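Dumped target13.txt below, it's compact mmCIF, C-alpha atoms:
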# COMPACT_ATOMS: atom_id res chain seq x y z
CA MET A 1 100.78 120.97 130.57
CA PRO A 2 99.58 124.45 129.52
CA GLY A 3 96.47 124.48 127.36
CA ILE A 4 95.03 121.21 128.67
CA HIS A 5 91.90 121.64 130.79
CA ASP A 6 89.53 119.35 132.66
CA LYS A 7 87.07 119.46 129.77
CA ASP A 8 89.81 118.10 127.50
CA ARG A 9 90.44 115.20 129.85
CA ASP A 10 86.73 114.42 130.14
CA ARG A 11 86.40 114.42 126.36
CA TRP A 12 89.36 112.27 125.43
CA LEU A 13 90.04 109.81 128.26
CA HIS A 14 89.11 108.32 131.61
CA PRO A 15 91.11 108.64 134.82
CA ASP A 16 91.19 104.92 135.65
CA ARG A 17 90.19 101.44 134.51
CA ARG A 18 86.97 101.36 136.52
CA SER A 19 85.67 104.49 134.81
CA ALA A 20 86.76 103.19 131.41
CA GLN A 21 84.95 99.89 132.00
CA GLN A 22 81.76 101.69 132.96
CA TRP A 23 81.98 103.71 129.76
CA CYS A 24 82.62 100.49 127.84
CA ARG A 25 79.42 98.96 129.24
CA GLN A 26 77.44 102.03 128.16
CA ARG A 27 78.91 101.85 124.65
CA ASN A 28 78.15 98.13 124.44
CA ALA A 29 74.50 98.90 125.16
CA LEU A 30 74.52 101.08 122.04
CA GLY A 31 76.03 98.35 119.89
CA ILE A 32 79.58 99.69 120.02
CA LYS A 33 82.60 97.59 120.96
CA ALA A 34 85.29 99.19 123.13
CA VAL A 35 89.07 98.98 122.91
CA LEU A 36 90.60 99.66 126.31
CA ASP A 37 93.79 101.66 125.89
CA ILE A 38 96.12 102.04 128.88
CA LEU A 39 98.09 105.28 128.68
CA GLY A 40 101.46 104.31 130.07
CA PRO A 41 105.04 105.57 129.73
CA TYR A 42 107.83 104.06 127.65
CA SER A 43 109.41 101.32 129.73
CA ARG A 44 113.10 101.99 130.41
CA ASP A 45 113.87 98.87 132.42
CA ALA A 46 112.59 95.37 133.09
CA ALA A 47 110.62 96.42 136.18
CA GLN A 48 108.63 99.01 134.23
CA ALA A 49 107.99 96.50 131.44
CA ALA A 50 106.74 93.97 133.98
CA ARG A 51 104.31 96.52 135.47
CA SER A 52 102.97 97.31 132.01
CA ALA A 53 102.54 93.63 131.20
CA HIS A 54 100.64 93.13 134.45
CA ALA A 55 98.33 96.04 133.56
CA TYR A 56 97.52 94.48 130.18
CA VAL A 57 96.79 91.12 131.80
CA SER A 58 94.50 92.87 134.27
CA SER A 59 92.59 94.45 131.40
CA ALA A 60 92.06 91.06 129.76
CA ARG A 61 90.87 89.60 133.06
CA ALA A 62 88.43 92.47 133.63
CA ILE A 63 86.99 92.14 130.11
CA GLU A 64 86.39 88.43 130.68
CA GLU A 65 84.98 88.74 134.17
CA GLN A 66 82.61 91.57 133.29
CA ARG A 67 81.65 90.01 129.96
CA LEU A 68 82.38 93.19 128.07
CA ASN A 69 82.35 93.46 124.31
CA ALA A 70 85.88 94.77 124.28
CA SER A 71 89.49 94.18 123.35
CA PHE A 72 92.57 96.02 124.58
CA ALA A 73 95.41 97.88 122.90
CA VAL A 74 99.10 97.11 123.38
CA LYS A 75 102.07 99.36 122.60
CA LEU A 76 105.45 97.65 122.46
CA SER A 77 107.15 100.76 123.83
CA THR A 78 105.55 99.94 127.18
CA LEU A 79 106.97 96.40 127.12
CA GLY A 80 110.63 97.23 126.72
CA VAL A 81 111.17 97.45 122.96
CA VAL A 82 113.49 100.44 123.40
CA PHE A 83 116.01 98.49 125.51
CA ASP A 84 115.42 94.73 125.06
CA ARG A 85 113.46 93.47 122.08
CA GLU A 86 113.63 89.82 123.10
CA LEU A 87 112.17 90.67 126.51
CA CYS A 88 109.48 92.71 124.75
CA ARG A 89 108.64 89.83 122.41
CA ARG A 90 108.35 87.32 125.26
CA LYS A 91 106.10 89.60 127.27
CA LEU A 92 103.86 90.31 124.29
CA LEU A 93 103.43 86.61 123.51
CA SER A 94 102.69 85.88 127.16
CA ILE A 95 100.02 88.61 127.18
CA CYS A 96 98.57 87.25 123.95
CA ALA A 97 98.45 83.72 125.35
CA GLY A 98 96.59 84.87 128.46
CA ALA A 99 94.16 86.98 126.44
CA SER A 100 93.54 84.10 124.05
CA ARG A 101 92.62 81.79 126.93
CA ARG A 102 90.06 84.39 128.00
CA LYS A 103 88.82 84.81 124.41
CA VAL A 104 89.84 88.47 124.45
CA SER A 105 91.38 90.09 121.37
CA ILE A 106 94.43 92.37 121.26
CA GLU A 107 94.99 95.47 119.16
CA MET A 108 98.65 96.10 118.41
CA ASP A 109 99.05 99.86 117.97
CA MET A 110 101.79 100.81 115.52
CA GLU A 111 104.36 103.37 116.69
CA GLY A 112 107.32 105.04 114.94
CA LYS A 113 108.71 104.04 111.54
CA SER A 114 111.77 102.32 113.05
CA LEU A 115 109.56 99.80 114.86
CA VAL A 116 107.41 98.66 111.93
CA ASP A 117 109.49 95.58 111.08
CA PHE A 118 109.53 94.40 114.68
CA TYR A 119 105.80 94.94 115.09
CA ILE A 120 105.14 92.90 111.97
CA LEU A 121 107.38 90.05 113.11
CA CYS A 122 105.64 89.94 116.49
CA ALA A 123 102.17 90.03 114.92
CA ILE A 124 103.04 87.22 112.54
CA GLU A 125 104.37 85.07 115.37
CA ALA A 126 101.30 85.75 117.50
CA ALA A 127 98.96 84.87 114.63
CA ALA A 128 100.94 81.69 113.89
CA ARG A 129 100.25 80.61 117.46
CA GLY A 130 96.54 81.23 116.99
CA TYR A 131 96.34 84.37 119.11
CA PRO A 132 93.62 86.90 118.16
CA VAL A 133 95.66 90.00 117.28
CA THR A 134 94.98 92.99 115.06
CA LEU A 135 97.88 95.07 113.77
CA ALA A 136 97.61 98.73 112.74
CA LEU A 137 99.01 99.62 109.32
CA GLN A 138 99.75 103.26 108.51
CA GLY A 139 98.59 104.75 105.22
CA TYR A 140 101.31 107.37 105.11
CA LEU A 141 104.12 104.80 104.76
CA ASP A 142 105.21 103.79 101.25
CA ARG A 143 105.91 100.23 102.40
CA THR A 144 102.38 99.51 103.63
CA PRO A 145 100.96 97.86 100.45
CA GLY A 146 103.73 95.26 100.55
CA ASP A 147 103.29 94.74 104.29
CA LEU A 148 99.56 94.26 103.76
CA GLU A 149 100.07 91.51 101.20
CA GLU A 150 102.46 89.63 103.50
CA LEU A 151 100.18 89.97 106.51
CA VAL A 152 97.18 88.68 104.58
CA LYS A 153 99.20 85.57 103.71
CA ARG A 154 100.16 85.13 107.37
CA GLY A 155 96.58 85.45 108.67
CA VAL A 156 97.07 88.70 110.61
CA ARG A 157 93.98 90.88 110.95
CA MET A 158 94.67 94.55 110.12
CA ARG A 159 93.43 98.00 111.08
CA LEU A 160 94.10 100.68 108.50
CA VAL A 161 94.94 104.12 109.86
CA LYS A 162 96.37 107.39 108.53
CA GLY A 163 99.33 107.33 110.93
CA ALA A 164 100.17 109.57 113.87
CA TYR A 165 103.96 109.77 113.69
CA LEU A 166 106.40 110.73 110.91
CA GLY A 167 105.52 109.12 107.58
CA ASP A 168 106.62 109.21 103.95
CA THR A 169 103.88 111.63 102.92
CA GLN A 170 101.76 114.18 104.71
CA ASP A 171 99.59 114.98 101.68
CA PHE A 172 96.00 114.58 102.89
CA GLY A 173 94.54 113.64 99.51
CA GLU A 174 97.29 111.09 98.85
CA ILE A 175 96.69 109.42 102.20
CA GLN A 176 92.95 109.27 101.47
CA ARG A 177 93.72 107.58 98.15
CA ARG A 178 96.06 105.10 99.83
CA LEU A 179 93.54 104.16 102.53
CA LYS A 180 90.86 103.51 99.91
CA SER A 181 93.27 101.37 97.89
CA LEU A 182 94.37 99.36 100.94
CA ALA A 183 90.77 98.81 102.05
CA SER A 184 89.80 97.67 98.55
CA ARG A 185 92.65 95.15 98.58
CA LEU A 186 91.53 93.70 101.90
CA SER A 187 87.94 93.57 100.70
CA LYS A 188 88.99 91.62 97.59
CA ALA A 189 91.06 89.29 99.78
CA GLY A 190 87.87 88.43 101.69
CA VAL A 191 89.40 88.91 105.13
CA PRO A 192 87.97 90.83 108.11
CA PHE A 193 89.63 94.18 108.78
CA SER A 194 89.14 97.58 110.38
CA ILE A 195 89.42 101.17 109.21
CA GLY A 196 90.36 103.63 111.93
CA THR A 197 89.34 107.07 110.66
CA HIS A 198 87.24 110.15 111.42
CA ASP A 199 87.43 111.38 107.84
CA PRO A 200 83.85 111.79 106.56
CA GLU A 201 84.98 111.22 102.96
CA ILE A 202 86.59 107.87 103.78
CA ILE A 203 83.61 106.80 105.90
CA ASP A 204 81.06 107.72 103.21
CA TRP A 205 83.17 105.98 100.56
CA ALA A 206 83.39 102.79 102.64
CA ARG A 207 79.66 102.80 103.35
CA THR A 208 79.03 102.61 99.60
CA ALA A 209 82.05 100.90 98.05
CA LEU A 210 82.27 98.28 100.80
CA ALA A 211 78.56 97.91 101.49
CA GLY A 212 78.84 94.14 101.12
CA GLU A 213 81.38 93.97 103.94
CA LYS A 214 79.00 94.41 106.89
CA GLY A 215 80.07 91.84 109.47
CA THR A 216 83.69 91.80 108.28
CA LEU A 217 84.57 95.52 108.11
CA GLU A 218 84.85 97.38 111.40
CA PHE A 219 84.89 101.16 111.70
CA GLY A 220 87.25 102.31 114.46
CA PHE A 221 87.00 105.65 116.26
CA LEU A 222 88.50 107.45 119.22
CA LYS A 223 86.56 108.50 122.28
CA GLY A 224 85.70 112.17 121.93
CA LEU A 225 85.17 112.25 118.16
CA SER A 226 82.39 111.44 115.68
CA ASP A 227 79.79 110.28 118.20
CA GLU A 228 76.87 110.84 115.80
CA THR A 229 78.62 108.82 113.11
CA LYS A 230 79.42 105.95 115.47
CA LEU A 231 75.79 105.60 116.48
CA SER A 232 74.57 105.93 112.90
CA LEU A 233 76.91 103.20 111.66
CA ALA A 234 75.95 100.90 114.53
CA ARG A 235 72.25 101.39 113.75
CA GLU A 236 72.97 100.53 110.10
CA GLY A 237 74.41 97.20 111.21
CA TRP A 238 78.12 97.97 110.80
CA CYS A 239 80.70 96.77 113.30
CA VAL A 240 81.87 99.81 115.26
CA ALA A 241 84.69 100.07 117.81
CA GLU A 242 85.74 102.96 120.02
CA TYR A 243 89.17 103.40 121.59
CA VAL A 244 88.74 104.21 125.28
CA PRO A 245 92.01 105.51 126.78
CA PHE A 246 92.52 105.68 130.52
CA GLY A 247 95.26 106.42 133.01
CA LYS A 248 97.28 109.21 134.53
CA GLU A 249 99.73 109.56 131.62
CA GLY A 250 97.28 111.50 129.49
CA ASN A 251 98.88 114.86 128.66
CA ALA A 252 100.82 113.72 125.61
CA TYR A 253 97.82 111.82 124.31
CA ILE A 254 95.51 114.82 124.66
CA SER A 255 98.10 117.07 123.02
CA ARG A 256 98.18 114.77 119.99
CA ARG A 257 94.41 114.88 119.70
CA LEU A 258 94.31 118.68 119.92
CA HIS A 259 97.11 118.93 117.35
CA TYR A 260 95.14 116.66 115.03
CA LEU A 261 92.13 118.98 115.21
CA GLU A 262 94.39 121.98 114.56
CA GLN A 263 95.80 120.26 111.47
CA LEU A 264 92.31 119.59 110.13
CA GLU A 265 91.29 123.18 110.73
CA ALA A 266 94.35 124.40 108.83
CA LEU A 267 93.27 122.22 105.89
CA GLY A 268 89.71 123.56 106.07
CA ARG A 269 88.39 120.16 107.11
CA GLU A 270 86.45 118.71 110.03
CA PRO A 271 86.11 115.21 111.47
CA ALA A 272 82.87 113.36 110.88
CA PRO A 273 80.15 114.61 113.27

Structure re-expressed in structure tokens:
Amino acid sequence: MPGIHDKDRDRWLHPDRRSAQQWCRQRNALGIKAVLDILGPYSRDAAQAARSAHAYVSSARAIEEQRLNASFAVKLSTLGVVFDRELCRRKLLSICAGASRRKVSIEMDMEGKSLVDFYILCAIEAAARGYPVTLALQGYLDRTPGDLEELVKRGVRMRLVKGAYLGDTQDFGEIQRRLKSLASRLSKAGVPFSIGTHDPEIIDWARTALAGEKGTLEFGFLKGLSDETKLSLAREGWCVAEYVPFGKEGNAYISRRLHYLEQLEALGREPAP
């Protein structure tokens, strides 16, 4: 893809699982948890979905065997949600069961608006079975406050994010306000949760407004951004996690990251250092 160079790949992702695991070990030594994120294509048939499921199981096995402080991310698009939702659901629950036996947690990454209901149903079922799952909730969707309340009742751990697809608002200040409101609700509910953001205003706000949440609030970041802030938060005793993508399907992922930086620049903003 034009415009993507080797330095971009080195910044944002790793070529394979072995490299990602080595990076994970280095991050663990600095007090940072890793979230292994396999960059795979949308599955268009059962064979592709089976290969993706096997890759997720392999990640869980590697985390257990190497005793890494890590979880792994799952996208339902890789498990067949676009052509067979029941197949997708069964594969997800099977992956969750295997990860649970290994005491490895799963991050369910939210995708497009049309999949939100299905993601929520799957997360609720997984949590009801005692599986350790975290579900991303997107601040730019109007429905998210209601979803949050339901998920708290159902015992699903949440990660609050801005959102990377098409939402109900793109107003930066409004999304900041929504994320703060959602985080405050989870804090009052007394449940552990994560905030995935590189916004220095949100991070500084959380450091102060949620200072009593050390041990229950986790700050989530992407590889390639906010390295100084990650280390600073870890030294302060906060829980910090870093998404560590790997695989050969990286062009679209890198393009999204570069577009994100372009959007910030257009707004006169920068990610946290």

Residues within 6 Å of stretch 259-272 of chain A, all atoms listed in the file, excluding chain neighbours under 2 positions, as a PDB file with C-alpha atoms, in the coordinates of the input:
ATOM      1  CA  HIS A 198      87.240 110.150 111.420  1.00  0.00           C
ATOM      2  CA  ASP A 199      87.430 111.380 107.840  1.00  0.00           C
ATOM      3  CA  PRO A 200      83.850 111.790 106.560  1.00  0.00           C
ATOM      4  CA  SER A 226      82.390 111.440 115.680  1.00  0.00           C
ATOM      5  CA  ARG A 256      98.180 114.770 119.990  1.00  0.00           C
ATOM      6  CA  ARG A 257      94.410 114.880 119.700  1.00  0.00           C
TER       7      ARG A 257
END

Residue neighbourhood stretch 84-86 of chain A, 9 Å, all atoms listed in the file, exclusion window fewer than 5 positions, as an MDAnalysis selection string: chainID A and resid 45:46 79 91 118

For the residues selected in the previous step, produce a file with C-alpha atoms as a PDB file, in the coordinates of the input.
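Saved to again09.pdb:
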ATOM      1  CA  ASP A  45     113.870  98.870 132.420  1.00  0.00           C
ATOM      2  CA  ALA A  46     112.590  95.370 133.090  1.00  0.00           C
ATOM      3  CA  LEU A  79     106.970  96.400 127.120  1.00  0.00           C
ATOM      4  CA  LYS A  91     106.100  89.600 127.270  1.00  0.00           C
ATOM      5  CA  PHE A 118     109.530  94.400 114.680  1.00  0.00           C
TER       6      PHE A 118
END

How far is it from atom CA of A:Lys7 to atom CA of A:Leu39, in Å with one decimal? 18.0 Å

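Among the candidate residues A:Tyr140, A:Tyr119, A:Phe193, A:Phe83, the one lying nearest to A:Asp171 is A:Tyr140, with distances computed using all atoms listed in the file.
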
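With all atoms listed in the file as the atoms that count, the residue of A:Leu30, A:Val156, A:Ala209, A:Ile4 with the shortest distance to A:Glu228 is A:Leu30.
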
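Nearest to A:Ser19 of all the residues A:Pro245, A:Pro41, A:Gly146, A:Gly112 is A:Pro245, counting only C-alpha atoms.
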
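Shortest atom-to-atom contact with A:Arg102 among A:Ala128, A:Leu76, A:Leu36, A:Ala70: A:Ala70, counting all atoms listed in the file.
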
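The two atoms in question, atom CA of A:Gly190 and atom CA of A:Lys33, are spaced 22.0 Å apart.
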
Best match for closeness to A:Arg17 among A:Gln138, A:Asp37, A:Lys188, A:Arg67, counting all atoms listed in the file: A:Asp37

Give me the residues within 7 Å of A:Ala34 as a list in words, counting all atoms listed in the file and dropping any in the same chain fewer than 5 places off. Cys24, Asn69, Ala70, Ser71, Ala241, Glu242, Tyr243 and Val244 of chain A

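Atom CA of A:Leu137 is found 26.1 Å from atom CA of A:Glu236.
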
A:Gly215, A:Gly196, A:Pro273, A:Gly130 ranked by distance to A:Leu231, top pick (using only C-alpha atoms): A:Pro273

Polymer residues at most 12 Å from A:Leu151, all atoms listed in the file, same-chain spacing of 2 or more positions, as a PDB file with C-alpha atoms, in the coordinates of the input:
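What landed in around.pdb:
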ATOM      1  CA  ASP A 117     109.490  95.580 111.080  1.00  0.00           C
ATOM      2  CA  TYR A 119     105.800  94.940 115.090  1.00  0.00           C
ATOM      3  CA  ILE A 120     105.140  92.900 111.970  1.00  0.00           C
ATOM      4  CA  LEU A 121     107.380  90.050 113.110  1.00  0.00           C
ATOM      5  CA  CYS A 122     105.640  89.940 116.490  1.00  0.00           C
ATOM      6  CA  ALA A 123     102.170  90.030 114.920  1.00  0.00           C
ATOM      7  CA  ILE A 124     103.040  87.220 112.540  1.00  0.00           C
ATOM      8  CA  GLU A 125     104.370  85.070 115.370  1.00  0.00           C
ATOM      9  CA  ALA A 126     101.300  85.750 117.500  1.00  0.00           C
ATOM     10  CA  ALA A 127      98.960  84.870 114.630  1.00  0.00           C
ATOM     11  CA  ALA A 128     100.940  81.690 113.890  1.00  0.00           C
ATOM     12  CA  VAL A 133      95.660  90.000 117.280  1.00  0.00           C
ATOM     13  CA  THR A 134      94.980  92.990 115.060  1.00  0.00           C
ATOM     14  CA  LEU A 135      97.880  95.070 113.770  1.00  0.00           C
ATOM     15  CA  ALA A 136      97.610  98.730 112.740  1.00  0.00           C
ATOM     16  CA  LEU A 137      99.010  99.620 109.320  1.00  0.00           C
ATOM     17  CA  THR A 144     102.380  99.510 103.630  1.00  0.00           C
ATOM     18  CA  PRO A 145     100.960  97.860 100.450  1.00  0.00           C
ATOM     19  CA  GLY A 146     103.730  95.260 100.550  1.00  0.00           C
ATOM     20  CA  ASP A 147     103.290  94.740 104.290  1.00  0.00           C
ATOM     21  CA  LEU A 148      99.560  94.260 103.760  1.00  0.00           C
ATOM     22  CA  GLU A 149     100.070  91.510 101.200  1.00  0.00           C
ATOM     23  CA  LYS A 153      99.200  85.570 103.710  1.00  0.00           C
ATOM     24  CA  ARG A 154     100.160  85.130 107.370  1.00  0.00           C
ATOM     25  CA  GLY A 155      96.580  85.450 108.670  1.00  0.00           C
ATOM     26  CA  VAL A 156      97.070  88.700 110.610  1.00  0.00           C
ATOM     27  CA  ARG A 157      93.980  90.880 110.950  1.00  0.00           C
ATOM     28  CA  MET A 158      94.670  94.550 110.120  1.00  0.00           C
ATOM     29  CA  ARG A 159      93.430  98.000 111.080  1.00  0.00           C
ATOM     30  CA  LEU A 186      91.530  93.700 101.900  1.00  0.00           C
ATOM     31  CA  ALA A 189      91.060  89.290  99.780  1.00  0.00           C
ATOM     32  CA  VAL A 191      89.400  88.910 105.130  1.00  0.00           C
ATOM     33  CA  PHE A 193      89.630  94.180 108.780  1.00  0.00           C
TER      34      PHE A 193
END

Got a sec: who's within 10 Å of A:Ser181, counting only C-alpha atoms, leaving out chain neighbours fewer than 6 positions off, as a ChimeraX atom specification? /A:139,145,175,187

Write out the residues from the selection above, keeping C-alpha atoms, as a CSV table (one decimal), in the frame of the given file.
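The resulting selection_9.csv:
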chain,number,residue,atom,x,y,z
A,139,GLY,CA,98.6,104.8,105.2
A,145,PRO,CA,101.0,97.9,100.4
A,175,ILE,CA,96.7,109.4,102.2
A,187,SER,CA,87.9,93.6,100.7

Can you put N, CA and C atoms back into stretch 92-124 of chain A and show it as a PDB file, in the frame of the given file?
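Contents of the output file part_37.pdb:
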ATOM      1  N   LEU A  92     105.020  90.201 125.172  1.00  0.00           N
ATOM      2  CA  LEU A  92     103.860  90.310 124.290  1.00  0.00           C
ATOM      3  C   LEU A  92     103.206  88.957 124.071  1.00  0.00           C
ATOM      4  N   LEU A  93     103.993  87.936 123.765  1.00  0.00           N
ATOM      5  CA  LEU A  93     103.430  86.610 123.510  1.00  0.00           C
ATOM      6  C   LEU A  93     102.761  86.042 124.754  1.00  0.00           C
ATOM      7  N   SER A  94     103.317  86.327 125.918  1.00  0.00           N
ATOM      8  CA  SER A  94     102.690  85.880 127.160  1.00  0.00           C
ATOM      9  C   SER A  94     101.335  86.574 127.358  1.00  0.00           C
ATOM     10  N   ILE A  95     101.285  87.866 127.082  1.00  0.00           N
ATOM     11  CA  ILE A  95     100.020  88.610 127.180  1.00  0.00           C
ATOM     12  C   ILE A  95      99.008  88.050 126.190  1.00  0.00           C
ATOM     13  N   CYS A  96      99.463  87.801 124.971  1.00  0.00           N
ATOM     14  CA  CYS A  96      98.570  87.250 123.950  1.00  0.00           C
ATOM     15  C   CYS A  96      98.028  85.882 124.352  1.00  0.00           C
ATOM     16  N   ALA A  97      98.894  85.056 124.931  1.00  0.00           N
ATOM     17  CA  ALA A  97      98.450  83.720 125.350  1.00  0.00           C
ATOM     18  C   ALA A  97      97.375  83.819 126.423  1.00  0.00           C
ATOM     19  N   GLY A  98      97.585  84.705 127.404  1.00  0.00           N
ATOM     20  CA  GLY A  98      96.590  84.870 128.460  1.00  0.00           C
ATOM     21  C   GLY A  98      95.279  85.426 127.934  1.00  0.00           C
ATOM     22  N   ALA A  99      95.375  86.396 127.029  1.00  0.00           N
ATOM     23  CA  ALA A  99      94.160  86.980 126.440  1.00  0.00           C
ATOM     24  C   ALA A  99      93.417  85.941 125.619  1.00  0.00           C
ATOM     25  N   SER A 100      94.165  85.131 124.870  1.00  0.00           N
ATOM     26  CA  SER A 100      93.540  84.100 124.050  1.00  0.00           C
ATOM     27  C   SER A 100      92.763  83.106 124.900  1.00  0.00           C
ATOM     28  N   ARG A 101      93.334  82.713 126.037  1.00  0.00           N
ATOM     29  CA  ARG A 101      92.620  81.790 126.930  1.00  0.00           C
ATOM     30  C   ARG A 101      91.308  82.384 127.417  1.00  0.00           C
ATOM     31  N   ARG A 102      91.269  83.705 127.540  1.00  0.00           N
ATOM     32  CA  ARG A 102      90.060  84.390 128.000  1.00  0.00           C
ATOM     33  C   ARG A 102      89.155  84.810 126.848  1.00  0.00           C
ATOM     34  N   LYS A 103      89.576  84.445 125.615  1.00  0.00           N
ATOM     35  CA  LYS A 103      88.820  84.810 124.410  1.00  0.00           C
ATOM     36  C   LYS A 103      88.683  86.325 124.272  1.00  0.00           C
ATOM     37  N   VAL A 104      89.775  87.012 124.567  1.00  0.00           N
ATOM     38  CA  VAL A 104      89.840  88.470 124.450  1.00  0.00           C
ATOM     39  C   VAL A 104      90.867  88.812 123.377  1.00  0.00           C
ATOM     40  N   SER A 105      90.505  89.707 122.475  1.00  0.00           N
ATOM     41  CA  SER A 105      91.380  90.090 121.370  1.00  0.00           C
ATOM     42  C   SER A 105      92.317  91.236 121.756  1.00  0.00           C
ATOM     43  N   ILE A 106      93.411  91.340 121.013  1.00  0.00           N
ATOM     44  CA  ILE A 106      94.430  92.370 121.260  1.00  0.00           C
ATOM     45  C   ILE A 106      94.603  93.222 120.010  1.00  0.00           C
ATOM     46  N   GLU A 107      94.670  94.528 120.219  1.00  0.00           N
ATOM     47  CA  GLU A 107      94.990  95.470 119.160  1.00  0.00           C
ATOM     48  C   GLU A 107      96.439  95.916 119.347  1.00  0.00           C
ATOM     49  N   MET A 108      97.265  95.651 118.354  1.00  0.00           N
ATOM     50  CA  MET A 108      98.650  96.100 118.410  1.00  0.00           C
ATOM     51  C   MET A 108      98.744  97.457 117.725  1.00  0.00           C
ATOM     52  N   ASP A 109      98.937  98.509 118.508  1.00  0.00           N
ATOM     53  CA  ASP A 109      99.050  99.860 117.970  1.00  0.00           C
ATOM     54  C   ASP A 109     100.437 100.076 117.391  1.00  0.00           C
ATOM     55  N   MET A 110     100.497 100.535 116.145  1.00  0.00           N
ATOM     56  CA  MET A 110     101.790 100.810 115.520  1.00  0.00           C
ATOM     57  C   MET A 110     102.367 102.105 116.089  1.00  0.00           C
ATOM     58  N   GLU A 111     103.691 102.167 116.182  1.00  0.00           N
ATOM     59  CA  GLU A 111     104.360 103.370 116.690  1.00  0.00           C
ATOM     60  C   GLU A 111     105.257 103.932 115.584  1.00  0.00           C
ATOM     61  N   GLY A 112     106.463 104.377 115.921  1.00  0.00           N
ATOM     62  CA  GLY A 112     107.320 105.040 114.940  1.00  0.00           C
ATOM     63  C   GLY A 112     107.796 104.121 113.825  1.00  0.00           C
ATOM     64  N   LYS A 113     108.287 104.741 112.760  1.00  0.00           N
ATOM     65  CA  LYS A 113     108.710 104.040 111.540  1.00  0.00           C
ATOM     66  C   LYS A 113     109.781 102.987 111.824  1.00  0.00           C
ATOM     67  N   SER A 114     110.669 103.250 112.771  1.00  0.00           N
ATOM     68  CA  SER A 114     111.770 102.320 113.050  1.00  0.00           C
ATOM     69  C   SER A 114     111.304 101.023 113.687  1.00  0.00           C
ATOM     70  N   LEU A 115     110.066 100.990 114.180  1.00  0.00           N
ATOM     71  CA  LEU A 115     109.560  99.800 114.860  1.00  0.00           C
ATOM     72  C   LEU A 115     108.647  98.944 113.984  1.00  0.00           C
ATOM     73  N   VAL A 116     108.392  99.364 112.756  1.00  0.00           N
ATOM     74  CA  VAL A 116     107.410  98.660 111.930  1.00  0.00           C
ATOM     75  C   VAL A 116     107.811  97.204 111.704  1.00  0.00           C
ATOM     76  N   ASP A 117     109.061  96.959 111.336  1.00  0.00           N
ATOM     77  CA  ASP A 117     109.490  95.580 111.080  1.00  0.00           C
ATOM     78  C   ASP A 117     109.295  94.698 112.302  1.00  0.00           C
ATOM     79  N   PHE A 118     109.657  95.205 113.467  1.00  0.00           N
ATOM     80  CA  PHE A 118     109.530  94.400 114.680  1.00  0.00           C
ATOM     81  C   PHE A 118     108.066  94.139 115.026  1.00  0.00           C
ATOM     82  N   TYR A 119     107.233  95.142 114.863  1.00  0.00           N
ATOM     83  CA  TYR A 119     105.800  94.940 115.090  1.00  0.00           C
ATOM     84  C   TYR A 119     105.251  93.847 114.182  1.00  0.00           C
ATOM     85  N   ILE A 120     105.641  93.892 112.925  1.00  0.00           N
ATOM     86  CA  ILE A 120     105.140  92.900 111.970  1.00  0.00           C
ATOM     87  C   ILE A 120     105.615  91.506 112.338  1.00  0.00           C
ATOM     88  N   LEU A 121     106.866  91.357 112.699  1.00  0.00           N
ATOM     89  CA  LEU A 121     107.380  90.050 113.110  1.00  0.00           C
ATOM     90  C   LEU A 121     106.619  89.508 114.308  1.00  0.00           C
ATOM     91  N   CYS A 122     106.361  90.371 115.289  1.00  0.00           N
ATOM     92  CA  CYS A 122     105.640  89.940 116.490  1.00  0.00           C
ATOM     93  C   CYS A 122     104.199  89.554 116.159  1.00  0.00           C
ATOM     94  N   ALA A 123     103.545  90.342 115.289  1.00  0.00           N
ATOM     95  CA  ALA A 123     102.170  90.030 114.920  1.00  0.00           C
ATOM     96  C   ALA A 123     102.077  88.707 114.169  1.00  0.00           C
ATOM     97  N   ILE A 124     103.022  88.475 113.282  1.00  0.00           N
ATOM     98  CA  ILE A 124     103.040  87.220 112.540  1.00  0.00           C
ATOM     99  C   ILE A 124     103.242  86.036 113.477  1.00  0.00           C
TER     100      ILE A 124
END
